[in-house]
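Structure file coords27.csv with CSV, C-alpha atoms:
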chain,number,residue,atom,x,y,z
A,1,MET,CA,-14.2,-14.6,32.3
A,2,LYS,CA,-13.7,-11.6,34.5
A,3,LYS,CA,-16.4,-8.9,34.6
A,4,GLU,CA,-14.1,-6.2,33.2
A,5,GLU,CA,-13.3,-8.5,30.3
A,6,GLN,CA,-17.0,-9.0,29.6
A,7,LYS,CA,-17.5,-5.2,29.5
A,8,ALA,CA,-14.5,-4.9,27.1
A,9,SER,CA,-16.0,-7.4,24.6
A,10,LYS,CA,-16.2,-5.9,21.1
A,11,ILE,CA,-18.2,-8.7,19.5
A,12,LEU,CA,-21.0,-7.5,17.3
A,13,THR,CA,-23.0,-9.0,14.5
A,14,ALA,CA,-22.0,-8.1,11.0
A,15,ALA,CA,-25.1,-6.0,10.6
A,16,GLU,CA,-24.4,-4.1,13.8
A,17,ALA,CA,-20.7,-3.5,12.9
A,18,VAL,CA,-21.4,-2.2,9.4
A,19,ARG,CA,-24.3,0.0,10.7
A,20,ARG,CA,-22.0,1.5,13.3
A,21,PHE,CA,-18.7,2.0,11.6
A,22,VAL,CA,-19.3,2.1,7.8
A,23,PHE,CA,-21.0,5.2,6.4
A,24,ASP,CA,-21.8,6.5,2.9
A,25,GLY,CA,-18.8,8.2,1.3
A,26,ALA,CA,-16.3,6.3,3.6
A,27,LEU,CA,-12.7,5.6,2.6
A,28,VAL,CA,-12.6,1.8,3.1
A,29,GLY,CA,-9.3,-0.1,3.6
A,30,MET,CA,-9.8,-3.6,2.2
A,31,GLY,CA,-8.0,-6.5,3.9
A,32,GLY,CA,-7.1,-9.9,2.5
A,33,GLN,CA,-5.1,-10.4,-0.7
A,34,SER,CA,-6.4,-11.7,-4.0
A,35,ILE,CA,-8.3,-14.9,-3.2
A,36,GLY,CA,-7.0,-15.3,0.4
A,37,ARG,CA,-8.6,-14.2,3.7
A,38,VAL,CA,-11.0,-11.7,2.2
A,39,PRO,CA,-13.7,-10.7,4.8
A,40,MET,CA,-16.6,-11.6,2.6
A,41,CYS,CA,-19.1,-11.7,5.5
A,42,ILE,CA,-18.7,-8.0,6.1
A,43,TYR,CA,-18.9,-7.0,2.5
A,44,HIS,CA,-22.1,-9.0,2.0
A,45,GLU,CA,-23.6,-6.9,4.8
A,46,MET,CA,-22.3,-3.7,3.3
A,47,ILE,CA,-24.1,-4.6,0.0
A,48,ARG,CA,-27.3,-5.5,1.9
A,49,GLN,CA,-27.2,-2.1,3.7
A,50,LYS,CA,-26.4,-0.3,0.4
A,51,LYS,CA,-23.4,1.7,1.8
A,52,LYS,CA,-22.6,3.9,-1.2
A,53,ASP,CA,-20.2,6.5,-2.7
A,54,LEU,CA,-17.3,4.5,-1.3
A,55,THR,CA,-13.6,4.8,-2.0
A,56,LEU,CA,-11.9,1.4,-1.7
A,57,VAL,CA,-8.1,1.2,-1.1
A,58,GLY,CA,-5.7,-1.8,-0.8
A,59,CYS,CA,-3.2,-3.9,-2.6
A,60,ASN,CA,-5.0,-6.4,-4.7
A,61,LEU,CA,-8.7,-5.7,-4.6
A,62,SER,CA,-10.6,-8.8,-5.5
A,63,ILE,CA,-14.0,-10.4,-5.5
A,64,SER,CA,-15.5,-8.2,-2.7
A,65,MET,CA,-14.5,-5.0,-4.5
A,66,ASP,CA,-15.9,-6.4,-7.8
A,67,MET,CA,-19.3,-7.1,-6.2
A,68,MET,CA,-19.6,-3.6,-4.7
A,69,VAL,CA,-18.5,-2.0,-8.0
A,70,GLY,CA,-21.1,-4.1,-9.9
A,71,VAL,CA,-23.8,-3.0,-7.5
A,72,GLY,CA,-22.9,0.7,-8.0
A,73,LEU,CA,-21.7,1.4,-4.4
A,74,VAL,CA,-18.2,2.5,-5.3
A,75,ARG,CA,-17.0,5.9,-6.5
A,76,ARG,CA,-13.3,5.4,-6.6
A,77,THR,CA,-10.6,2.7,-6.2
A,78,GLU,CA,-6.9,3.1,-5.4
A,79,CYS,CA,-4.9,-0.1,-5.5
A,80,GLY,CA,-2.1,-2.2,-6.9
A,81,THR,CA,-4.4,-4.3,-9.1
A,82,GLY,CA,-7.8,-6.0,-9.3
A,83,ASN,CA,-8.0,-9.7,-10.0
A,84,LEU,CA,-8.9,-13.1,-8.8
A,85,GLU,CA,-5.5,-14.7,-9.7
A,86,ARG,CA,-6.1,-18.0,-11.6
A,87,PHE,CA,-9.9,-17.3,-11.8
A,88,GLY,CA,-9.3,-14.2,-13.9
A,89,THR,CA,-9.9,-10.5,-13.9
A,90,THR,CA,-12.5,-8.5,-11.9
A,91,HIS,CA,-15.0,-8.1,-14.7
A,92,CYS,CA,-17.3,-5.5,-13.0
A,93,TRP,CA,-14.4,-3.3,-12.1
A,94,ARG,CA,-12.8,-3.5,-15.5
A,95,LYS,CA,-16.1,-2.7,-17.3
A,96,ALA,CA,-16.8,0.2,-15.0
A,97,ILE,CA,-13.4,1.8,-15.6
A,98,GLU,CA,-13.7,1.2,-19.4
A,99,GLN,CA,-17.1,2.9,-19.4
A,100,GLY,CA,-15.9,5.9,-17.3
A,101,LYS,CA,-18.2,5.1,-14.4
A,102,LEU,CA,-15.5,4.6,-11.9
A,103,GLN,CA,-12.5,6.7,-10.8
A,104,ASN,CA,-9.4,4.6,-10.4
A,105,GLU,CA,-5.8,5.3,-9.5
A,106,ASP,CA,-3.0,2.8,-10.1
A,107,TYR,CA,-0.2,2.2,-7.7
A,108,SER,CA,2.2,-0.7,-7.0
A,109,HIS,CA,1.6,-3.0,-4.1
A,110,LEU,CA,4.6,-1.6,-2.3
A,111,ALA,CA,3.4,2.0,-3.0
A,112,MET,CA,0.1,1.2,-1.3
A,113,VAL,CA,1.8,-0.3,1.8
A,114,THR,CA,4.0,2.8,1.9
A,115,ARG,CA,1.0,5.1,1.8
A,116,PHE,CA,-0.6,3.2,4.8
A,117,LEU,CA,2.8,3.4,6.6
A,118,GLY,CA,2.7,7.2,6.2
A,119,GLY,CA,-0.8,7.3,7.6
A,120,GLU,CA,0.2,5.1,10.5
A,121,MET,CA,3.1,7.4,11.3
A,122,GLY,CA,0.9,10.5,11.1
A,123,LEU,CA,2.7,11.9,8.1
A,124,PRO,CA,1.1,13.7,5.1
A,125,PHE,CA,3.2,11.9,2.6
A,126,MET,CA,6.0,9.2,2.3
A,127,PRO,CA,9.0,9.1,0.0
A,128,ILE,CA,9.6,6.1,-2.3
A,129,GLN,CA,12.0,5.3,-5.1
A,130,SER,CA,10.7,2.0,-6.4
A,131,LEU,CA,8.3,3.7,-8.8
A,132,LEU,CA,11.1,5.6,-10.6
A,133,GLY,CA,11.4,4.4,-14.2
A,134,SER,CA,8.0,2.7,-14.1
A,135,ASP,CA,4.9,3.6,-16.3
A,136,ILE,CA,2.8,3.9,-13.1
A,137,LEU,CA,3.9,7.5,-12.7
A,138,ASN,CA,2.8,8.3,-16.2
A,139,ILE,CA,-0.5,6.5,-16.4
A,140,LYS,CA,-3.4,8.9,-17.2
A,141,SER,CA,-6.6,8.0,-15.5
A,142,ASN,CA,-10.1,9.4,-14.9
A,143,SER,CA,-9.3,10.1,-11.3
A,144,THR,CA,-9.2,13.4,-9.5
A,145,GLY,CA,-6.5,14.8,-7.2
A,146,LYS,CA,-2.8,14.6,-7.3
A,147,LYS,CA,-1.2,11.2,-7.5
A,148,CYS,CA,2.4,12.0,-6.5
A,149,GLU,CA,5.1,14.6,-6.4
A,150,MET,CA,8.6,14.3,-7.8
A,151,ILE,CA,11.4,16.1,-6.0
A,152,ASN,CA,15.2,16.2,-5.8
A,153,ASN,CA,16.8,14.6,-2.7
A,154,PRO,CA,17.8,17.6,-0.6
A,155,TRP,CA,21.0,15.9,0.4
A,156,ASN,CA,21.8,14.7,-3.1
A,157,PRO,CA,20.2,17.0,-5.7
A,158,GLU,CA,21.0,14.6,-8.5
A,159,GLU,CA,18.8,11.9,-7.0
A,160,LYS,CA,15.1,11.8,-7.6
A,161,VAL,CA,12.5,10.9,-5.0
A,162,VAL,CA,8.8,10.3,-5.4
A,163,LEU,CA,6.4,11.5,-2.7
A,164,LEU,CA,3.1,9.6,-2.2
A,165,PRO,CA,0.1,10.9,-0.3
A,166,SER,CA,-0.5,9.0,3.0
A,167,LEU,CA,-3.7,7.1,3.6
A,168,ASN,CA,-5.9,7.1,6.7
A,169,PRO,CA,-9.0,4.9,6.0
A,170,ASP,CA,-12.2,5.8,7.8
A,171,VAL,CA,-12.7,2.1,8.4
A,172,SER,CA,-10.6,-0.9,7.5
A,173,ILE,CA,-12.1,-4.4,7.2
A,174,VAL,CA,-10.1,-7.6,7.8
A,175,HIS,CA,-10.6,-11.4,8.3
A,176,VAL,CA,-8.4,-13.2,10.7
A,177,GLN,CA,-7.9,-16.7,12.0
A,178,LYS,CA,-8.3,-16.0,15.7
A,179,ALA,CA,-9.2,-13.2,18.1
A,180,ASP,CA,-10.3,-12.8,21.7
A,181,GLU,CA,-13.4,-10.8,22.7
A,182,MET,CA,-11.3,-7.7,23.4
A,183,GLY,CA,-10.1,-7.6,19.8
A,184,ASN,CA,-6.6,-8.9,20.0
A,185,LEU,CA,-6.0,-10.4,16.5
A,186,ILE,CA,-3.9,-13.4,15.4
A,187,ILE,CA,-3.2,-13.5,11.6
A,188,GLU,CA,-1.4,-16.6,10.4
A,189,GLY,CA,0.3,-16.8,7.0
A,190,PHE,CA,0.6,-13.8,4.7
A,191,LEU,CA,0.2,-10.3,6.1
A,192,SER,CA,0.6,-8.1,3.0
A,193,HIS,CA,-0.5,-4.5,3.8
A,194,GLU,CA,-2.9,-5.2,6.7
A,195,PRO,CA,-0.8,-4.3,9.8
A,196,GLU,CA,0.1,-0.8,8.4
A,197,MET,CA,-3.5,-0.3,7.1
A,198,ILE,CA,-5.0,-1.2,10.4
A,199,ARG,CA,-2.8,1.1,12.4
A,200,ALA,CA,-3.5,3.9,10.0
A,201,SER,CA,-7.3,3.5,10.2
A,202,LYS,CA,-9.8,5.5,12.3
A,203,ALA,CA,-11.9,2.4,12.8
A,204,VAL,CA,-11.4,-1.4,12.2
A,205,ILE,CA,-13.9,-4.2,11.8
A,206,ALA,CA,-12.4,-7.7,12.1
A,207,SER,CA,-14.2,-10.9,11.4
A,208,ALA,CA,-12.7,-14.1,12.8
A,209,GLU,CA,-12.8,-17.8,12.3
A,210,GLU,CA,-12.4,-18.5,16.0
A,211,ILE,CA,-12.9,-16.5,19.3
A,212,ILE,CA,-10.4,-17.8,21.8
A,213,PRO,CA,-10.0,-17.0,25.5
A,214,ALA,CA,-8.1,-13.9,26.6
A,215,ASP,CA,-6.0,-16.2,28.7
A,216,GLU,CA,-4.6,-17.9,25.6
A,217,ILE,CA,-3.7,-14.5,24.1
A,218,ARG,CA,-1.8,-13.7,27.3
A,219,ARG,CA,-0.1,-17.1,27.4
A,220,TYR,CA,1.4,-16.6,23.9
A,221,PRO,CA,1.6,-12.8,23.4
A,222,GLU,CA,4.1,-13.1,20.6
A,223,ARG,CA,1.4,-14.6,18.4
A,224,THR,CA,-0.8,-11.5,18.5
A,225,THR,CA,-0.5,-9.6,15.2
A,226,ILE,CA,-2.7,-6.6,16.1
A,227,PRO,CA,-3.5,-5.6,19.7
A,228,TYR,CA,-7.0,-4.8,20.8
A,229,ILE,CA,-6.4,-1.0,20.9
A,230,TYR,CA,-6.7,-0.8,17.1
A,231,VAL,CA,-9.9,-2.8,16.8
A,232,SER,CA,-13.4,-1.3,16.9
A,233,ALA,CA,-15.6,-4.3,16.3
A,234,LEU,CA,-15.2,-8.0,16.1
A,235,VAL,CA,-17.5,-10.4,14.2
A,236,HIS,CA,-17.3,-14.1,14.9
A,237,GLN,CA,-17.9,-15.8,11.6
A,238,PRO,CA,-16.5,-19.2,10.8
A,239,TRP,CA,-16.0,-19.6,7.0
A,240,GLY,CA,-16.3,-15.8,6.9
A,241,ALA,CA,-13.9,-15.5,3.9
A,242,HIS,CA,-15.7,-17.9,1.6
A,243,PRO,CA,-15.2,-18.4,-1.3
A,244,THR,CA,-11.6,-17.2,-0.7
A,245,SER,CA,-9.2,-19.3,1.4
A,246,VAL,CA,-8.0,-19.0,5.0
A,247,TYR,CA,-4.6,-20.4,5.8
A,248,ARG,CA,-4.8,-23.5,8.1
A,249,TYR,CA,-8.6,-23.5,7.8
A,250,TYR,CA,-9.8,-24.0,4.2
A,251,GLN,CA,-8.9,-23.6,0.6
A,252,ASN,CA,-10.7,-21.3,-1.8
A,253,ASP,CA,-14.0,-22.7,-3.3
A,254,GLY,CA,-13.1,-22.9,-7.0
A,255,GLU,CA,-16.5,-24.0,-8.0
A,256,HIS,CA,-18.2,-20.9,-6.5
A,257,MET,CA,-15.5,-18.6,-7.8
A,258,ARG,CA,-16.1,-19.8,-11.3
A,259,GLU,CA,-19.9,-19.3,-10.8
A,260,TYR,CA,-19.4,-15.8,-9.7
A,261,GLN,CA,-17.0,-15.0,-12.5
A,262,LYS,CA,-19.5,-16.3,-15.1
A,263,CYS,CA,-22.2,-14.0,-13.7
A,264,ALA,CA,-19.9,-11.0,-13.5
A,265,ARG,CA,-18.6,-11.6,-17.0
A,266,GLU,CA,-22.1,-11.8,-18.4
A,267,GLY,CA,-23.4,-8.9,-16.3
A,268,GLY,CA,-27.0,-7.7,-16.5
A,269,GLN,CA,-29.6,-10.2,-15.3
A,270,SER,CA,-27.1,-12.9,-14.7
A,271,PHE,CA,-25.2,-10.7,-12.2
A,272,GLN,CA,-28.4,-9.5,-10.6
A,273,ASP,CA,-29.6,-13.1,-10.2
A,274,TYR,CA,-26.3,-14.0,-8.4
A,275,LEU,CA,-26.8,-11.1,-6.0
A,276,GLU,CA,-30.4,-12.0,-5.3
A,277,LYS,CA,-29.6,-15.6,-4.7
A,278,TYR,CA,-26.5,-15.3,-2.5
A,279,ILE,CA,-26.8,-11.9,-0.9
A,280,TYR,CA,-30.1,-10.1,-1.0
A,281,SER,CA,-32.2,-13.1,-0.1
A,282,CYS,CA,-29.9,-14.0,2.8
A,283,SER,CA,-30.3,-12.1,6.1
A,284,THR,CA,-27.0,-13.5,7.5
A,285,PHE,CA,-23.8,-15.0,6.1
A,286,ASP,CA,-24.8,-18.4,7.6
A,287,GLU,CA,-27.7,-18.4,5.3
A,288,TYR,CA,-25.4,-17.8,2.4
A,289,LEU,CA,-23.1,-20.6,3.5
A,290,GLU,CA,-26.0,-23.0,3.4
A,291,LYS,CA,-26.9,-22.0,-0.1
A,292,VAL,CA,-23.4,-22.6,-1.4
A,293,GLY,CA,-23.2,-26.2,-0.1
A,294,GLY,CA,-23.6,-26.2,3.7
A,295,LEU,CA,-21.2,-27.2,6.4
A,296,LYS,CA,-20.6,-30.7,5.0
A,297,LYS,CA,-19.0,-29.1,1.9
A,298,TYR,CA,-16.9,-26.7,4.1
A,299,HIS,CA,-15.6,-29.5,6.3
A,300,HIS,CA,-14.4,-31.2,3.1
A,301,LEU,CA,-12.5,-28.0,2.1
A,302,ARG,CA,-11.1,-27.8,5.7
A,303,GLN,CA,-9.9,-31.4,5.4
A,304,GLU,CA,-8.2,-30.7,2.1
A,305,MET,CA,-6.3,-27.8,3.6
A,306,MET,CA,-5.2,-30.0,6.6
A,307,GLU,CA,-3.9,-32.7,4.2
A,308,VAL,CA,-1.9,-30.1,2.4
A,309,LEU,CA,-0.4,-28.8,5.6

Could you write out this structure as structure tokens?
Amino acid sequence: MKKEEQKASKILTAAEAVRRFVFDGALVGMGGQSIGRVPMCIYHEMIRQKKKDLTLVGCNLSISMDMMVGVGLVRRTECGTGNLERFGTTHCWRKAIEQGKLQNEDYSHLAMVTRFLGGEMGLPFMPIQSLLGSDILNIKSNSTGKKCEMINNPWNPEEKVVLLPSLNPDVSIVHVQKADEMGNLIIEGFLSHEPEMIRASKAVIASAEEIIPADEIRRYPERTTIPYIYVSALVHQPWGAHPTSVYRYYQNDGEHMREYQKCAREGGQSFQDYLEKYIYSCSTFDEYLEKVGGLKKYHHLRQEMMEVL
């Protein structure tokens, strides 16, 4: 590797990346979707460092959001939904909203992508029509601030248009399949809201399954989803999305998902025991991985994924 490339390396540990780029009160853009490619290794570290008073934004906020809400680190969420698909709802999030402990604003998935697009373009708001006729515009919540504005189309006064506030996260967090040391990211499979969210963000932390040579990035430039200029820190963490899945690498760990859901549903000491066992007592994500079955189990999950493909 050339000396200038070594100097350009953005690789940090998860602890260093969170300490440097995540602060109390931050607006955090959450990557991944439902139970796929969620950057759990970074969120574990945020919980260990007790980053608090957070606002979490994204499309489907899932297990990582639920954990942080359960710990009491989150002040507000803005999203399309919160669930773990076939594993059920996000219990901590639901209970916190029902008990009035958490501000929440409901949008559609498309509306959230539109808000990130506005932030990416440097605009204060973006027009959208897909919410017209939906109940989302009328939902009363315990949130603060203005959700949207309804106007008449200046070129067709009989037509209504909804204006949504743009989003510029202080930091966005994503997990990807491959990256080079400079921070060029390759995302395979679904993309959802991540490209717009990343480009709208002030800082970006990416964890990656593999770190590949910069020469490979240059050889196949069309495979790069996000160029290095948008990435602030890169964390090399194989199996870093566990227990969620990563396309072409491993399926979700249903056994662990169900264990988490049981603890979150029961709450109280059961939830605290889960946190102590899998997060607080682990200084790194590798330690967590050993506690949930070790590399032998993960290689089995990887093999299952390859057989499907």

- Task: Considering all atoms listed in the file, return as a PyMOL selection string whatever protein or nucleic-acid residues lie within 8 Å of Val161 (chain A), sequence-local ones (same chain, fewer than 3 positions apart) excluded.
- Result: chain A and resi 127-129+132+150-153

Export of the given selection (C-alpha atoms) as an mmCIF file, in the coordinates of the input:
data_model
loop_
_atom_site.group_PDB
_atom_site.id
_atom_site.type_symbol
_atom_site.label_atom_id
_atom_site.label_comp_id
_atom_site.auth_asym_id
_atom_site.auth_seq_id
_atom_site.Cartn_x
_atom_site.Cartn_y
_atom_site.Cartn_z
ATOM 1 C CA PRO A 127 9.000 9.100 0.000
ATOM 2 C CA ILE A 128 9.600 6.100 -2.300
ATOM 3 C CA GLN A 129 12.000 5.300 -5.100
ATOM 4 C CA LEU A 132 11.100 5.600 -10.600
ATOM 5 C CA MET A 150 8.600 14.300 -7.800
ATOM 6 C CA ILE A 151 11.400 16.100 -6.000
ATOM 7 C CA ASN A 152 15.200 16.200 -5.800
ATOM 8 C CA ASN A 153 16.800 14.600 -2.700
#

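Put simply, CA of Val204 (chain A) is 15.9 Å away from CA of Thr224 (chain A).
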
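Nearest to Phe23 (chain A) of all the residues A:Cys41, A:Val113, A:Met67, A:Ala203 is A:Ala203, counting all atoms listed in the file.
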
- Task: Please measure the separation of CA of Pro39 (chain A) and CA of Val174 (chain A), giving the value in Å to one decimal.
- Result: 5.6 Å

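Minimum distance to Leu56 (chain A) across A:Ile173, A:Ile205, A:Ala111, A:Ile211 (counting all atoms listed in the file) occurs at A:Ile173.
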
Set the distance at 12 Å and use all atoms listed in the file: which residues neighbour Gly189 (chain A) once local chain neighbours fewer than 2 positions away are removed? I'd like the list as a compact mmCIF listing (two decimals) with C-alpha atoms, in the coordinates of the input.
# COMPACT_ATOMS: atom_id res chain seq x y z
CA GLY A 32 -7.10 -9.90 2.50
CA GLN A 33 -5.10 -10.40 -0.70
CA GLY A 36 -7.00 -15.30 0.40
CA ARG A 37 -8.60 -14.20 3.70
CA VAL A 176 -8.40 -13.20 10.70
CA GLN A 177 -7.90 -16.70 12.00
CA ILE A 186 -3.90 -13.40 15.40
CA ILE A 187 -3.20 -13.50 11.60
CA LEU A 191 0.20 -10.30 6.10
CA SER A 192 0.60 -8.10 3.00
CA ARG A 223 1.40 -14.60 18.40
CA THR A 225 -0.50 -9.60 15.20
CA SER A 245 -9.20 -19.30 1.40
CA VAL A 246 -8.00 -19.00 5.00
CA TYR A 247 -4.60 -20.40 5.80
CA ARG A 248 -4.80 -23.50 8.10
CA TYR A 249 -8.60 -23.50 7.80

Would you kindly return, as an mmCIF file with C-alpha atoms, keeping the file's coordinate frame, each protein, DNA or RNA residue with an atom no farther than 8 Å from any atom of Ala26 (chain A), considering all atoms listed in the file and excluding same-chain residues fewer than 2 positions away?
data_model
loop_
_atom_site.group_PDB
_atom_site.id
_atom_site.type_symbol
_atom_site.label_atom_id
_atom_site.label_comp_id
_atom_site.auth_asym_id
_atom_site.auth_seq_id
_atom_site.Cartn_x
_atom_site.Cartn_y
_atom_site.Cartn_z
ATOM 1 C CA VAL A 22 -19.300 2.100 7.800
ATOM 2 C CA PHE A 23 -21.000 5.200 6.400
ATOM 3 C CA ASP A 24 -21.800 6.500 2.900
ATOM 4 C CA VAL A 28 -12.600 1.800 3.100
ATOM 5 C CA ASP A 53 -20.200 6.500 -2.700
ATOM 6 C CA LEU A 54 -17.300 4.500 -1.300
ATOM 7 C CA THR A 55 -13.600 4.800 -2.000
ATOM 8 C CA PRO A 169 -9.000 4.900 6.000
ATOM 9 C CA ASP A 170 -12.200 5.800 7.800
ATOM 10 C CA VAL A 171 -12.700 2.100 8.400
#

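Using only C-alpha atoms, the smallest distance between any of A:Ile63, A:Leu110, A:Leu164, A:Ala214 and Gly88 (chain A) comes from A:Ile63.
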
- Counting only C-alpha atoms, the residue among A:Val235, A:His242, A:Gly80, A:Glu259 that lies closest to Asp273 (chain A) is A:Glu259

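Considering all atoms listed in the file, the residue among A:Met68, A:Gly58, A:Ser172, A:Glu222 positioned nearest to Glu45 (chain A) is A:Met68.
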